[in-house]
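J.: Structure: start-v8.cif, mmCIF, C-alpha atoms.
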data_data
#
loop_
_atom_site.label_atom_id
_atom_site.label_comp_id
_atom_site.auth_asym_id
_atom_site.auth_seq_id
_atom_site.Cartn_x
_atom_site.Cartn_y
_atom_site.Cartn_z
CA MET B 9 9.57 -7.86 26.60
CA THR B 10 6.16 -6.17 26.56
CA ASP B 11 7.79 -2.73 26.31
CA VAL B 12 9.86 -3.84 23.32
CA LEU B 13 6.77 -5.22 21.55
CA THR B 14 4.74 -2.11 22.36
CA ASN B 15 7.48 0.21 21.08
CA THR B 16 7.99 -1.90 17.95
CA GLY B 17 4.25 -1.94 17.29
CA LEU B 18 3.87 1.79 17.84
CA LYS B 19 6.84 2.53 15.60
CA PHE B 20 5.34 0.31 12.86
CA PHE B 21 1.91 1.94 13.28
CA GLY B 22 3.46 5.41 13.07
CA ALA B 23 5.56 4.57 10.00
CA MET B 24 2.57 3.10 8.15
CA THR B 25 0.13 5.91 8.99
CA ALA B 26 2.72 8.54 8.08
CA SER B 27 3.31 6.81 4.75
CA ILE B 28 -0.43 6.49 4.08
CA SER B 29 -1.17 10.14 4.91
CA HIS B 30 1.74 11.32 2.76
CA GLU B 31 0.55 9.24 -0.21
CA LEU B 32 -3.01 10.50 0.17
CA LYS B 33 -1.76 14.10 0.28
CA ASN B 34 0.19 13.41 -2.93
CA ARG B 35 -2.93 12.04 -4.65
CA PHE B 36 -4.99 15.07 -3.56
CA ALA B 37 -2.26 17.45 -4.72
CA ILE B 38 -2.20 15.81 -8.17
CA ILE B 39 -6.02 15.94 -8.40
CA ASN B 40 -5.90 19.61 -7.37
CA GLU B 41 -3.31 20.34 -10.10
CA GLN B 42 -5.53 18.61 -12.64
CA ALA B 43 -8.52 20.67 -11.48
CA GLY B 44 -6.37 23.77 -11.97
CA LEU B 45 -5.51 22.61 -15.48
CA LEU B 46 -9.19 22.07 -16.18
CA THR B 47 -9.90 25.63 -14.99
CA ASP B 48 -7.15 26.93 -17.30
CA LEU B 49 -8.61 24.98 -20.22
CA VAL B 50 -12.05 26.49 -19.60
CA LYS B 51 -10.56 30.01 -19.55
CA MET B 52 -8.61 29.27 -22.74
CA SER B 53 -11.76 28.00 -24.45
CA GLU B 54 -13.46 31.32 -23.73
CA THR B 55 -10.91 33.09 -25.93
CA SER B 56 -9.54 30.35 -28.19
CA GLY B 57 -12.58 28.25 -28.91
CA PRO B 58 -13.58 24.70 -28.03
CA ILE B 59 -11.32 22.29 -26.16
CA ALA B 60 -10.27 19.15 -28.00
CA PRO B 61 -12.32 16.23 -26.59
CA GLU B 62 -9.27 13.96 -26.45
CA ARG B 63 -7.54 16.47 -24.17
CA LEU B 64 -10.51 16.40 -21.80
CA GLU B 65 -10.61 12.61 -21.98
CA ARG B 66 -6.92 12.40 -20.99
CA LEU B 67 -7.52 14.77 -18.09
CA ALA B 68 -10.57 12.81 -16.91
CA ALA B 69 -8.58 9.56 -17.15
CA ALA B 70 -5.74 11.09 -15.12
CA VAL B 71 -8.17 12.20 -12.39
CA LYS B 72 -9.83 8.75 -12.33
CA LYS B 73 -6.41 7.12 -12.03
CA GLN B 74 -5.50 9.24 -9.00
CA VAL B 75 -8.88 8.60 -7.37
CA GLY B 76 -8.39 4.86 -7.97
CA LEU B 77 -4.90 4.94 -6.42
CA ALA B 78 -6.23 6.84 -3.40
CA ASP B 79 -9.14 4.40 -3.07
CA ASP B 80 -6.77 1.40 -3.17
CA LEU B 81 -4.61 3.01 -0.51
CA LEU B 82 -7.65 3.63 1.70
CA LYS B 83 -8.70 -0.03 1.31
CA HIS B 84 -5.26 -1.15 2.51
CA MET B 85 -5.36 1.41 5.31
CA ASN B 86 -8.74 0.03 6.36
CA ARG B 87 -7.39 -3.53 6.39
CA PHE B 88 -4.37 -2.31 8.37
CA SER B 89 -6.53 -0.49 10.92
CA HIS B 90 -8.69 -3.60 11.38
CA SER B 91 -5.62 -5.79 11.90
CA VAL B 92 -5.91 -5.01 15.62
CA ASP B 93 -9.57 -6.03 15.91
CA GLN B 94 -8.63 -9.48 17.21
CA ILE B 95 -5.56 -10.48 19.18
CA ARG B 96 -5.45 -13.74 17.23
CA GLY B 97 -7.66 -15.08 14.49
CA GLU B 98 -7.76 -16.67 11.08
CA ALA B 99 -5.88 -14.67 8.49
CA ASP B 100 -5.11 -15.20 4.83
CA ILE B 101 -1.34 -14.73 4.68
CA CYS B 102 -1.60 -13.75 1.00
CA LEU B 103 -3.95 -10.85 1.81
CA VAL B 104 -1.67 -9.80 4.67
CA LEU B 105 1.31 -9.81 2.28
CA VAL B 106 -0.59 -7.81 -0.36
CA CYS B 107 -1.66 -5.21 2.20
CA THR B 108 1.75 -4.90 3.84
CA ALA B 109 3.49 -4.64 0.47
CA ALA B 110 1.03 -1.95 -0.65
CA LEU B 111 1.64 0.03 2.53
CA SER B 112 5.40 -0.42 2.04
CA ARG B 113 5.46 0.93 -1.53
CA ARG B 114 6.32 4.51 -0.54
CA PRO B 115 9.25 3.53 1.72
CA ALA B 116 10.41 1.20 -1.07
CA ASP B 117 10.08 3.93 -3.71
CA MET B 118 12.06 6.30 -1.49
CA ARG B 119 14.87 3.72 -1.49
CA ASN B 120 14.51 3.06 -5.22
CA VAL B 121 13.46 -0.54 -4.52
CA SER B 122 10.66 -2.30 -6.37
CA LEU B 123 8.54 -4.85 -4.53
CA GLU B 124 7.35 -7.94 -6.37
CA LEU B 125 4.68 -10.28 -5.04
CA ARG B 126 4.54 -13.98 -5.94
CA LEU B 127 1.48 -15.52 -4.37
CA PRO B 128 -0.43 -18.78 -4.79
CA ASP B 129 -3.89 -18.87 -6.33
CA THR B 130 -5.37 -20.29 -3.14
CA PRO B 131 -5.53 -18.68 0.30
CA ALA B 132 -2.78 -19.49 2.79
CA MET B 133 -4.62 -19.49 6.07
CA ALA B 134 -3.04 -19.21 9.51
CA HIS B 135 -4.23 -18.61 13.04
CA THR B 136 -2.19 -15.59 14.02
CA SER B 137 -2.18 -11.97 15.07
CA THR B 138 -2.63 -10.05 11.82
CA PHE B 139 -1.13 -6.84 13.21
CA TRP B 140 2.00 -8.52 14.56
CA LEU B 141 2.38 -10.55 11.37
CA MET B 142 2.21 -7.33 9.35
CA ASN B 143 4.74 -5.79 11.72
CA LEU B 144 7.10 -8.76 11.28
CA ILE B 145 6.74 -8.61 7.48
CA TRP B 146 7.49 -4.86 7.60
CA ILE B 147 10.60 -5.46 9.73
CA LEU B 148 11.81 -8.06 7.22
CA LEU B 149 10.99 -5.83 4.24
CA ASP B 150 12.72 -2.87 5.84
CA ALA B 151 15.83 -4.97 6.41
CA ALA B 152 15.71 -6.47 2.90
CA MET B 153 15.35 -3.08 1.21
CA GLY B 154 18.71 -1.96 2.57
CA PRO B 155 20.92 -4.53 0.84
CA ALA B 156 18.66 -5.08 -2.18
CA GLY B 157 21.75 -4.96 -4.40
CA ASN B 158 21.96 -3.82 -8.00
CA ALA B 159 18.62 -5.37 -8.87
CA ARG B 160 17.00 -3.07 -6.31
CA GLN B 161 14.11 -5.48 -6.09
CA VAL B 162 12.67 -7.40 -3.18
CA THR B 163 10.47 -10.38 -3.97
CA ILE B 164 7.79 -11.36 -1.48
CA SER B 165 6.45 -14.85 -1.95
CA CYS B 166 4.13 -17.22 -0.17
CA ASP B 167 3.34 -20.84 -0.83
CA THR B 168 0.84 -23.33 0.48
CA TRP B 169 1.28 -26.96 1.34
CA PRO B 170 -1.47 -29.58 1.32
CA ASN B 171 -2.72 -30.39 4.81
CA PHE B 172 -0.36 -27.86 6.43
CA ARG B 173 -1.74 -25.82 9.29
CA PHE B 174 0.26 -23.09 10.99
CA SER B 175 -0.94 -21.99 14.39
#
Starting from the file, give its structure as structure tokens.

T.:
Amino acid sequence: MTDVLTNTGLKFFGAMTASISHELKNRFAIINEQAGLLTDLVKMSETSGPIAPERLERLAAAVKKQVGLADDLLKHMNRFSHSVDQIRGEADICLVLVCTAALSRRPADMRNVSLELRLPDTPAMAHTSTFWLMNLIWILLDAAMGPAGNARQVTISCDTWPNFRFS
């Protein structure tokens, strides 16, 4: 049983880190293209005159957007990497779902599946292994993304119950 869990965990870890690194490379490639466009605009301004401010504003906004997307991804990667800090501990299931869904966006996009989160306004706490919970959620998402049907959407939801404690 330990070998199965270890292999499952390693496969999950590999899939998530590969997805994260690919997404970060995409963000850097887009930022690099925008830097190239900025260089072209500077060269054009040397011969054609000033650059329209709105064009520079759009380019700056596009760069900021890519930096923001990369930063969000790094935050989720950080949460993912710290999911192994404790074997078991208190975890907010909603935050675990948000992180796992964010890390699953690229595999979902590759399958043309959109992921929708429906979460409560209050934390849903559990005493669990965050890494293994994320792994289980990924296994379920991976399975659900196959037969997503015509809607091509998978909804991830969580609810809380008064006085309920899962351990």

J.: Could you make a table, as JSON lines, of the residues of segment 91-155 of chain B that have an atom within 8 Å of an atom of segment 24-31 of chain B, each with its nearest atom pair and distance in Å to one decimal, counting all atoms listed in the file, in chain and number order?

T.:
{"residue": "B:Leu111", "atom": "CA", "partner": "B:Met24", "partner_atom": "CA", "distance": 6.5}
{"residue": "B:Ser112", "atom": "CA", "partner": "B:Met24", "partner_atom": "CA", "distance": 7.6}
{"residue": "B:Arg114", "atom": "CA", "partner": "B:Ser27", "partner_atom": "CA", "distance": 6.5}
{"residue": "B:Pro115", "atom": "CA", "partner": "B:Ser27", "partner_atom": "CA", "distance": 7.4}

J.: Calculated over all atoms listed in the file, which of the candidates B:Asn120, B:Asn40, B:Thr108, B:Gln74 has the smallest distance to Asn86 of chain B?

T.: B:Thr108

J.: Got a sec: who's within 12 Å of Ala151 of chain B, counting all atoms listed in the file, leaving out chain neighbours fewer than 5 positions off, as a list in words?

T.: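 Counting only the stated atoms, we get Pro115, Ala116, Arg119, Leu144, Ile145, Trp146, Ala156 and Val162 of chain B.
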
J.: May I ask for the distance between atom CA of Gly17 of chain B and atom CA of Ala78 of chain B, given in Å to one decimal place?

T.: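 Computing the Euclidean distance for atom CA of Gly17 of chain B and atom CA of Ala78 of chain B yields 24.8 Å.
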
J.: Could you write out as a list in words the residues that the PyMOL selection byres ((chain B and resi 104) around 10) matches in the shown file?

T.: His84, Arg87, Phe88, Ser91, Ala99, Asp100, Ile101, Cys102, Leu103, Leu105, Val106, Cys107, Thr108, Ala109, Ala110, Ala132, Thr138, Phe139, Leu141, Met142 and Ile145 of chain B

J.: Generate a file of the selected residues that holds C-alpha atoms, formatted as a PDB file, in the coordinates of the input.

T.:
ATOM      1  CA  HIS B  84      -5.260  -1.150   2.510  1.00  0.00           C
ATOM      2  CA  ARG B  87      -7.390  -3.530   6.390  1.00  0.00           C
ATOM      3  CA  PHE B  88      -4.370  -2.310   8.370  1.00  0.00           C
ATOM      4  CA  SER B  91      -5.620  -5.790  11.900  1.00  0.00           C
ATOM      5  CA  ALA B  99      -5.880 -14.670   8.490  1.00  0.00           C
ATOM      6  CA  ASP B 100      -5.110 -15.200   4.830  1.00  0.00           C
ATOM      7  CA  ILE B 101      -1.340 -14.730   4.680  1.00  0.00           C
ATOM      8  CA  CYS B 102      -1.600 -13.750   1.000  1.00  0.00           C
ATOM      9  CA  LEU B 103      -3.950 -10.850   1.810  1.00  0.00           C
ATOM     10  CA  LEU B 105       1.310  -9.810   2.280  1.00  0.00           C
ATOM     11  CA  VAL B 106      -0.590  -7.810  -0.360  1.00  0.00           C
ATOM     12  CA  CYS B 107      -1.660  -5.210   2.200  1.00  0.00           C
ATOM     13  CA  THR B 108       1.750  -4.900   3.840  1.00  0.00           C
ATOM     14  CA  ALA B 109       3.490  -4.640   0.470  1.00  0.00           C
ATOM     15  CA  ALA B 110       1.030  -1.950  -0.650  1.00  0.00           C
ATOM     16  CA  ALA B 132      -2.780 -19.490   2.790  1.00  0.00           C
ATOM     17  CA  THR B 138      -2.630 -10.050  11.820  1.00  0.00           C
ATOM     18  CA  PHE B 139      -1.130  -6.840  13.210  1.00  0.00           C
ATOM     19  CA  LEU B 141       2.380 -10.550  11.370  1.00  0.00           C
ATOM     20  CA  MET B 142       2.210  -7.330   9.350  1.00  0.00           C
ATOM     21  CA  ILE B 145       6.740  -8.610   7.480  1.00  0.00           C
TER      22      ILE B 145
END

J.: Expanded to explicit residues, what is the PyMOL selection byres ((chain B and resi 135) around 8) for this file, as a PyMOL selection string?

T.: chain B and resi 96-99+133-134+136-137+174-175

J.: Could you tell me which of B:Val71, B:Met52, B:Ile147, B:Met153 comes closest to Asp117 of chain B if we count only C-alpha atoms?

T.: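 Of all the options, B:Met153 lies closest to Asp117 of chain B.
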
J.: Which polymer residues, whether protein, DNA or RNA, lie within 7 Å of the coordinate (-0.7, -19.7, -1.5) when you count only C-alpha atoms? List them as a PyMOL selection string, using the chain letters and numbers from the file.

T.: chain B and resi 102+127-132+166-168

J.: If you measure from atom CA of Phe36 of chain B to atom CA of Asp80 of chain B, what distance in Å do you get, rounded to one decimal?

T.: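 Distance between the two atoms: 13.8 Å.
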
J.: Report as a PyMOL selection string the full result of the PyMOL selection byres ((chain B and resi 163) around 8) when it is applied to this structure.

T.: chain B and resi 123-126+161-162+164-165

J.: Residues of the last selection are to be written out with C-alpha atoms, as an mmCIF file, in the coordinates of the input.

T.:
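For reference, out18.cif as written:
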data_model
loop_
_atom_site.group_PDB
_atom_site.id
_atom_site.type_symbol
_atom_site.label_atom_id
_atom_site.label_comp_id
_atom_site.auth_asym_id
_atom_site.auth_seq_id
_atom_site.Cartn_x
_atom_site.Cartn_y
_atom_site.Cartn_z
ATOM 1 C CA LEU B 123 8.540 -4.850 -4.530
ATOM 2 C CA GLU B 124 7.350 -7.940 -6.370
ATOM 3 C CA LEU B 125 4.680 -10.280 -5.040
ATOM 4 C CA ARG B 126 4.540 -13.980 -5.940
ATOM 5 C CA GLN B 161 14.110 -5.480 -6.090
ATOM 6 C CA VAL B 162 12.670 -7.400 -3.180
ATOM 7 C CA ILE B 164 7.790 -11.360 -1.480
ATOM 8 C CA SER B 165 6.450 -14.850 -1.950
#

J.: Taking only C-alpha atoms into account, which of B:Leu64, B:Thr14, B:Trp140, B:Leu32 comes nearest Asp79 of chain B?

T.: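 Between B:Leu64, B:Thr14, B:Trp140, B:Leu32, the residue approaching Asp79 of chain B most closely is B:Leu32.
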
J.: One decimal, Å: what's the distance from atom CA of Ser122 of chain B over to atom CA of Lys33 of chain B, could you say?

T.: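 Atom CA of Lys33 of chain B lies at a distance of 21.6 Å from atom CA of Ser122 of chain B.
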
J.: Env of Ile39 of chain B: 10 Å cut, atoms = all atoms listed in the file, seq-sep filter 2 positions within chain, self excluded. Answer as a list in words.

T.: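 Within the cut-off, the hits are Lys33, Asn34, Arg35, Phe36, Ala37, Glu41, Gln42, Ala43, Gly44, Leu45, Leu67, Ala70, Val71, Lys72, Lys73, Gln74 and Val75 of chain B.
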
J.: Can you take segment 76-90 of chain B from the block and write all heavy atoms as a PDB file, in the first residue's frame?

T.:
ATOM      1  N   GLY B  76       0.908  39.566 -12.989  1.00  0.00           N
ATOM      2  CA  GLY B  76      -0.093  39.185 -11.991  1.00  0.00           C
ATOM      3  C   GLY B  76      -0.459  37.714 -12.078  1.00  0.00           C
ATOM      4  O   GLY B  76      -0.578  37.024 -11.062  1.00  0.00           O
ATOM      5  N   LEU B  77      -0.638  37.202 -13.307  1.00  0.00           N
ATOM      6  CA  LEU B  77      -0.951  35.783 -13.496  1.00  0.00           C
ATOM      7  C   LEU B  77       0.192  34.901 -13.006  1.00  0.00           C
ATOM      8  O   LEU B  77      -0.030  33.879 -12.345  1.00  0.00           O
ATOM      9  CB  LEU B  77      -1.255  35.494 -14.968  1.00  0.00           C
ATOM     10  CG  LEU B  77      -2.556  36.093 -15.505  1.00  0.00           C
ATOM     11  CD1 LEU B  77      -2.622  35.955 -17.030  1.00  0.00           C
ATOM     12  CD2 LEU B  77      -3.759  35.437 -14.856  1.00  0.00           C
ATOM     13  N   ALA B  78       1.427  35.304 -13.310  1.00  0.00           N
ATOM     14  CA  ALA B  78       2.594  34.543 -12.851  1.00  0.00           C
ATOM     15  C   ALA B  78       2.692  34.585 -11.329  1.00  0.00           C
ATOM     16  O   ALA B  78       2.988  33.575 -10.687  1.00  0.00           O
ATOM     17  CB  ALA B  78       3.869  35.079 -13.498  1.00  0.00           C
ATOM     18  N   ASP B  79       2.425  35.742 -10.742  1.00  0.00           N
ATOM     19  CA  ASP B  79       2.481  35.887  -9.287  1.00  0.00           C
ATOM     20  C   ASP B  79       1.427  35.003  -8.622  1.00  0.00           C
ATOM     21  O   ASP B  79       1.714  34.331  -7.626  1.00  0.00           O
ATOM     22  CB  ASP B  79       2.292  37.352  -8.898  1.00  0.00           C
ATOM     23  CG  ASP B  79       2.501  37.576  -7.416  1.00  0.00           C
ATOM     24  OD1 ASP B  79       3.562  37.174  -6.897  1.00  0.00           O
ATOM     25  OD2 ASP B  79       1.589  38.133  -6.765  1.00  0.00           O
ATOM     26  N   ASP B  80       0.216  34.983  -9.166  1.00  0.00           N
ATOM     27  CA  ASP B  80      -0.840  34.115  -8.620  1.00  0.00           C
ATOM     28  C   ASP B  80      -0.419  32.654  -8.690  1.00  0.00           C
ATOM     29  O   ASP B  80      -0.616  31.893  -7.742  1.00  0.00           O
ATOM     30  CB  ASP B  80      -2.161  34.299  -9.384  1.00  0.00           C
ATOM     31  CG  ASP B  80      -2.853  35.608  -9.059  1.00  0.00           C
ATOM     32  OD1 ASP B  80      -2.481  36.264  -8.057  1.00  0.00           O
ATOM     33  OD2 ASP B  80      -3.767  35.982  -9.820  1.00  0.00           O
ATOM     34  N   LEU B  81       0.156  32.268  -9.805  1.00  0.00           N
ATOM     35  CA  LEU B  81       0.604  30.887  -9.970  1.00  0.00           C
ATOM     36  C   LEU B  81       1.686  30.549  -8.945  1.00  0.00           C
ATOM     37  O   LEU B  81       1.669  29.467  -8.341  1.00  0.00           O
ATOM     38  CB  LEU B  81       1.116  30.665 -11.394  1.00  0.00           C
ATOM     39  CG  LEU B  81       1.493  29.245 -11.760  1.00  0.00           C
ATOM     40  CD1 LEU B  81       0.314  28.292 -11.598  1.00  0.00           C
ATOM     41  CD2 LEU B  81       1.984  29.205 -13.194  1.00  0.00           C
ATOM     42  N   LEU B  82       2.622  31.463  -8.732  1.00  0.00           N
ATOM     43  CA  LEU B  82       3.672  31.228  -7.742  1.00  0.00           C
ATOM     44  C   LEU B  82       3.100  31.123  -6.331  1.00  0.00           C
ATOM     45  O   LEU B  82       3.580  30.324  -5.517  1.00  0.00           O
ATOM     46  CB  LEU B  82       4.731  32.321  -7.810  1.00  0.00           C
ATOM     47  CG  LEU B  82       5.691  32.212  -8.981  1.00  0.00           C
ATOM     48  CD1 LEU B  82       6.574  33.448  -9.086  1.00  0.00           C
ATOM     49  CD2 LEU B  82       6.541  30.957  -8.875  1.00  0.00           C
ATOM     50  N   LYS B  83       2.064  31.897  -6.018  1.00  0.00           N
ATOM     51  CA  LYS B  83       1.416  31.787  -4.704  1.00  0.00           C
ATOM     52  C   LYS B  83       0.812  30.396  -4.522  1.00  0.00           C
ATOM     53  O   LYS B  83       0.943  29.780  -3.458  1.00  0.00           O
ATOM     54  CB  LYS B  83       0.343  32.860  -4.549  1.00  0.00           C
ATOM     55  CG  LYS B  83       0.901  34.246  -4.340  1.00  0.00           C
ATOM     56  CD  LYS B  83      -0.194  35.284  -4.300  1.00  0.00           C
ATOM     57  CE  LYS B  83       0.400  36.678  -4.274  1.00  0.00           C
ATOM     58  NZ  LYS B  83      -0.614  37.723  -4.411  1.00  0.00           N
ATOM     59  N   HIS B  84       0.148  29.889  -5.561  1.00  0.00           N
ATOM     60  CA  HIS B  84      -0.440  28.549  -5.472  1.00  0.00           C
ATOM     61  C   HIS B  84       0.658  27.488  -5.409  1.00  0.00           C
ATOM     62  O   HIS B  84       0.527  26.496  -4.684  1.00  0.00           O
ATOM     63  CB  HIS B  84      -1.387  28.292  -6.643  1.00  0.00           C
ATOM     64  CG  HIS B  84      -2.612  29.143  -6.582  1.00  0.00           C
ATOM     65  ND1 HIS B  84      -3.520  29.080  -5.555  1.00  0.00           N
ATOM     66  CD2 HIS B  84      -3.079  30.089  -7.423  1.00  0.00           C
ATOM     67  CE1 HIS B  84      -4.493  29.940  -5.761  1.00  0.00           C
ATOM     68  NE2 HIS B  84      -4.248  30.571  -6.890  1.00  0.00           N
ATOM     69  N   MET B  85       1.731  27.700  -6.158  1.00  0.00           N
ATOM     70  CA  MET B  85       2.849  26.765  -6.105  1.00  0.00           C
ATOM     71  C   MET B  85       3.441  26.736  -4.704  1.00  0.00           C
ATOM     72  O   MET B  85       3.785  25.670  -4.179  1.00  0.00           O
ATOM     73  CB  MET B  85       3.929  27.145  -7.115  1.00  0.00           C
ATOM     74  CG  MET B  85       5.078  26.150  -7.160  1.00  0.00           C
ATOM     75  SD  MET B  85       6.434  26.703  -8.199  1.00  0.00           S
ATOM     76  CE  MET B  85       7.356  27.673  -7.029  1.00  0.00           C
ATOM     77  N   ASN B  86       3.553  27.890  -4.076  1.00  0.00           N
ATOM     78  CA  ASN B  86       4.080  27.983  -2.728  1.00  0.00           C
ATOM     79  C   ASN B  86       3.174  27.227  -1.749  1.00  0.00           C
ATOM     80  O   ASN B  86       3.660  26.450  -0.913  1.00  0.00           O
ATOM     81  CB  ASN B  86       4.212  29.453  -2.318  1.00  0.00           C
ATOM     82  CG  ASN B  86       4.974  29.628  -1.039  1.00  0.00           C
ATOM     83  OD1 ASN B  86       5.605  28.719  -0.541  1.00  0.00           O
ATOM     84  ND2 ASN B  86       4.920  30.826  -0.492  1.00  0.00           N
ATOM     85  N   ARG B  87       1.870  27.421  -1.872  1.00  0.00           N
ATOM     86  CA  ARG B  87       0.929  26.698  -1.005  1.00  0.00           C
ATOM     87  C   ARG B  87       1.060  25.191  -1.246  1.00  0.00           C
ATOM     88  O   ARG B  87       1.052  24.405  -0.308  1.00  0.00           O
ATOM     89  CB  ARG B  87      -0.497  27.160  -1.267  1.00  0.00           C
ATOM     90  CG  ARG B  87      -1.499  26.374  -0.424  1.00  0.00           C
ATOM     91  CD  ARG B  87      -2.792  27.063  -0.304  1.00  0.00           C
ATOM     92  NE  ARG B  87      -2.531  28.273   0.463  1.00  0.00           N
ATOM     93  CZ  ARG B  87      -3.382  29.272   0.570  1.00  0.00           C
ATOM     94  NH1 ARG B  87      -4.533  29.216  -0.009  1.00  0.00           N
ATOM     95  NH2 ARG B  87      -3.096  30.342   1.267  1.00  0.00           N
ATOM     96  N   PHE B  88       1.178  24.807  -2.524  1.00  0.00           N
ATOM     97  CA  PHE B  88       1.327  23.396  -2.870  1.00  0.00           C
ATOM     98  C   PHE B  88       2.609  22.830  -2.251  1.00  0.00           C
ATOM     99  O   PHE B  88       2.606  21.766  -1.640  1.00  0.00           O
ATOM    100  CB  PHE B  88       1.343  23.229  -4.392  1.00  0.00           C
ATOM    101  CG  PHE B  88       1.624  21.831  -4.871  1.00  0.00           C
ATOM    102  CD1 PHE B  88       0.765  20.792  -4.571  1.00  0.00           C
ATOM    103  CD2 PHE B  88       2.746  21.571  -5.631  1.00  0.00           C
ATOM    104  CE1 PHE B  88       1.024  19.501  -5.021  1.00  0.00           C
ATOM    105  CE2 PHE B  88       3.009  20.292  -6.096  1.00  0.00           C
ATOM    106  CZ  PHE B  88       2.148  19.249  -5.786  1.00  0.00           C
ATOM    107  N   SER B  89       3.716  23.555  -2.393  1.00  0.00           N
ATOM    108  CA  SER B  89       4.986  23.047  -1.866  1.00  0.00           C
ATOM    109  C   SER B  89       4.950  22.935  -0.350  1.00  0.00           C
ATOM    110  O   SER B  89       5.579  22.038   0.223  1.00  0.00           O
ATOM    111  CB  SER B  89       6.153  23.913  -2.327  1.00  0.00           C
ATOM    112  OG  SER B  89       6.076  25.196  -1.769  1.00  0.00           O
ATOM    113  N   HIS B  90       4.205  23.797   0.326  1.00  0.00           N
ATOM    114  CA  HIS B  90       4.102  23.729   1.786  1.00  0.00           C
ATOM    115  C   HIS B  90       3.050  22.729   2.251  1.00  0.00           C
ATOM    116  O   HIS B  90       2.914  22.507   3.456  1.00  0.00           O
ATOM    117  CB  HIS B  90       3.822  25.112   2.371  1.00  0.00           C
ATOM    118  CG  HIS B  90       5.032  25.987   2.380  1.00  0.00           C
ATOM    119  ND1 HIS B  90       6.116  25.765   3.211  1.00  0.00           N
ATOM    120  CD2 HIS B  90       5.352  27.069   1.631  1.00  0.00           C
ATOM    121  CE1 HIS B  90       7.037  26.669   2.981  1.00  0.00           C
ATOM    122  NE2 HIS B  90       6.604  27.480   2.019  1.00  0.00           N
TER     123      HIS B  90
END
